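Quick notes on the structure that follows.
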Amino acid sequence: MFVVVNLKAYPCDPVAVAEAAADVADETGVRIAVAPQAADISRVAETGVETWAQHVDAVDHGSHTGSTLAEAAAEAGAEGTLLNHSEKRLRLADIDGGLRAAERVGLESIVCANNPRQIAAAAALEPDAVAVEPPALIGTGTPVSQADPEVVTDSVEAADAVGDVDVLCGAGISTGDDLEAAAELGAEGVLLASGVAKADAPKAALRDLVEPIAE
């Protein structure tokens with residue numbers, strides 16, 4: 001199982017969370033990545049944790065003020081990027097362009113989507129993985145695997161029908177039980193944020209999260 005911790009723009013210490021994630025990954029053998037703000041990618045990567053960008057733009061070098069260049073993210077230490085999170089929605093052409101930008105510099109990619117229909121469309125663009133996240137459940141503490149498990153199973157079927165694309169489960173993930181449930185429904189990983197980024201003790205939260213699948 002792959003655990004991606006999206007720090008969004010929460011007022012947490014990204015380095016402290018990254019250090020906690022690196023320690024837990026080393027202790028348990030679970031693959032854990034942290035996605036900080038673009039300005040913090042370098043500092044987070046220096047902790048040794050697998051580091052992802054929250055977004056890259058469909059641009060190359062040139063006149064693109066305010067854009068996140070894939071080359072800059074990779075040079076700062078990012079190994080992958082999220083695209084089309086529900087808080088950073090993109091047009092289909094921009095998702096495709098972002099994926100090509102990520103490929104250009106060797107970044108892995110996860111495209112987020114709201115439901116199985118969107119998962120099918122996202123998978124057709126050939127990212128490394130897709131993540132299903134019903135927006136209504138994000139940040140609620142109620143996981144989609146509990147609120148509407150068919151969203152996960154239908155998303156896995158939709159992705160499988162298109163090609164070899166892993167499906168992650170997001171929205172409301174916060175406990176080891178949530179992670180186990182996602183795995184039982186066919187997900188290859190989870191995408192979460194507040195359950196770790198807002199935790200008083202991020203390391204303990206991560207330990208509790210991955211304990212059911214630790215080596």
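Letters for chains follow the order of the structure tokens (A, B, ...), residue numbers begin at 1 for each chain, and ligand numbers begin at 1 in the order shown.
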For Ala214 (chain A), please output as a PyMOL selection string all residues within 8 Å (counting only C-alpha atoms; exclusion window: fewer than 6 positions along the same chain).
chain A and resi 28-30
Store the residues picked out above in a file with N, CA, C and O atoms, as a CSV table (one decimal), in the first residue's frame.
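Okay, this is what ended up in again.csv:
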chain,number,residue,atom,x,y,z
A,28,THR,N,8.5,0.6,9.4
A,28,THR,CA,7.5,-0.3,9.0
A,28,THR,C,7.6,-0.9,7.6
A,28,THR,O,7.0,-1.9,7.3
A,29,GLY,N,8.5,-0.3,6.8
A,29,GLY,CA,8.6,-0.8,5.4
A,29,GLY,C,7.5,-0.4,4.5
A,29,GLY,O,7.4,-0.8,3.4
A,30,VAL,N,6.6,0.5,5.0
A,30,VAL,CA,5.4,1.0,4.2
A,30,VAL,C,5.9,2.2,3.4
A,30,VAL,O,6.6,3.1,3.9
Would you pick out the contacts of Ala181 (chain A) at 9 Å or less, using only C-alpha atoms, so that residues sharing its chain but fewer than 4 positions from it are not included, and give the list as a PyMOL selection string?
chain A and resi 145-146+149+176-177+185-187
For region 100-108 of chain A, find every residue with an atom within 12 Å (counting only C-alpha atoms), except residues of its own chain fewer than 2 positions away, and show them as JSON, numbers by chain.
{"A": [33, 50, 51, 52, 53, 54, 55, 56, 57, 58, 59, 60, 61, 68, 69, 70, 71, 72, 73, 74, 75, 76, 77, 78, 79, 80, 81, 82, 83, 93, 94, 95, 96, 97, 98, 110, 111, 125, 126, 127, 128, 129, 130]}
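Note that the spacing between CA of Glu157 (chain A) and CA of Glu188 (chain A) amounts to 12.9 Å.
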Env of Ala193 (chain A): 10 Å cut, atoms = only C-alpha atoms, seq-sep filter 6 positions within chain, self excluded. Answer as a PyMOL selection string.
chain A and resi 4-8+10+34-35+138-139+170-174+199
Closest of A:Val210, A:Cys169, A:Ala38, A:Leu99 to Leu191 (chain A), counting only C-alpha atoms, is A:Cys169
Write out as a ChimeraX atom specification each polymer residue whose atoms come within 9 Å of Ile119 (chain A), counting only C-alpha atoms; drop sequence neighbours fewer than 4 positions from it.
/A:111-115,123-124,130-132,155-156,158-159,167
Prev. selection, C-alpha atoms, output as a compact mmCIF listing (two decimals), in the first residue's frame:
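Produced file again32.txt, reproduced below:
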# COMPACT_ATOMS: atom_id res chain seq x y z
CA VAL A 111 -4.62 12.12 -11.03
CA CYS A 112 -7.48 12.76 -8.61
CA ALA A 113 -11.12 12.38 -9.60
CA ASN A 114 -14.53 12.57 -7.94
CA ASN A 115 -16.21 9.37 -9.10
CA ALA A 123 -6.99 6.55 -16.36
CA ALA A 124 -7.25 6.88 -20.14
CA VAL A 130 -5.59 7.67 -10.02
CA ALA A 131 -7.19 8.61 -6.70
CA VAL A 132 -10.93 8.66 -6.12
CA SER A 155 -13.43 3.04 -9.59
CA VAL A 156 -11.12 0.02 -9.51
CA ALA A 158 -13.30 1.51 -14.28
CA ALA A 159 -9.52 1.87 -14.15
CA VAL A 167 -6.33 3.25 -7.80
To one decimal place, how far is CA of Arg207 (chain A) from CA of Lys88 (chain A) in Å?
28.9 Å
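Picture a line from CA of Ala120 (chain A) to CA of Asp160 (chain A); it runs 8.7 Å.
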As an MDAnalysis selection string, please: every residue in region 4-214 of chain A that a backbone DSSP assignment puts in strand (DSSP E or B).
chainID A and resid 4:6 31:35 50:53 80:83 108:113 129:132 166:170 189:192
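Using only C-alpha atoms, the nearest neighbour of Pro11 (chain A) within the list A:Val151, A:Leu209, A:Ser194, A:Pro116 is A:Ser194.
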Please report, as a count of residues only, each residue of chain A to which DSSP assigns alpha helix (DSSP H) when run on this structure's backbone.
88
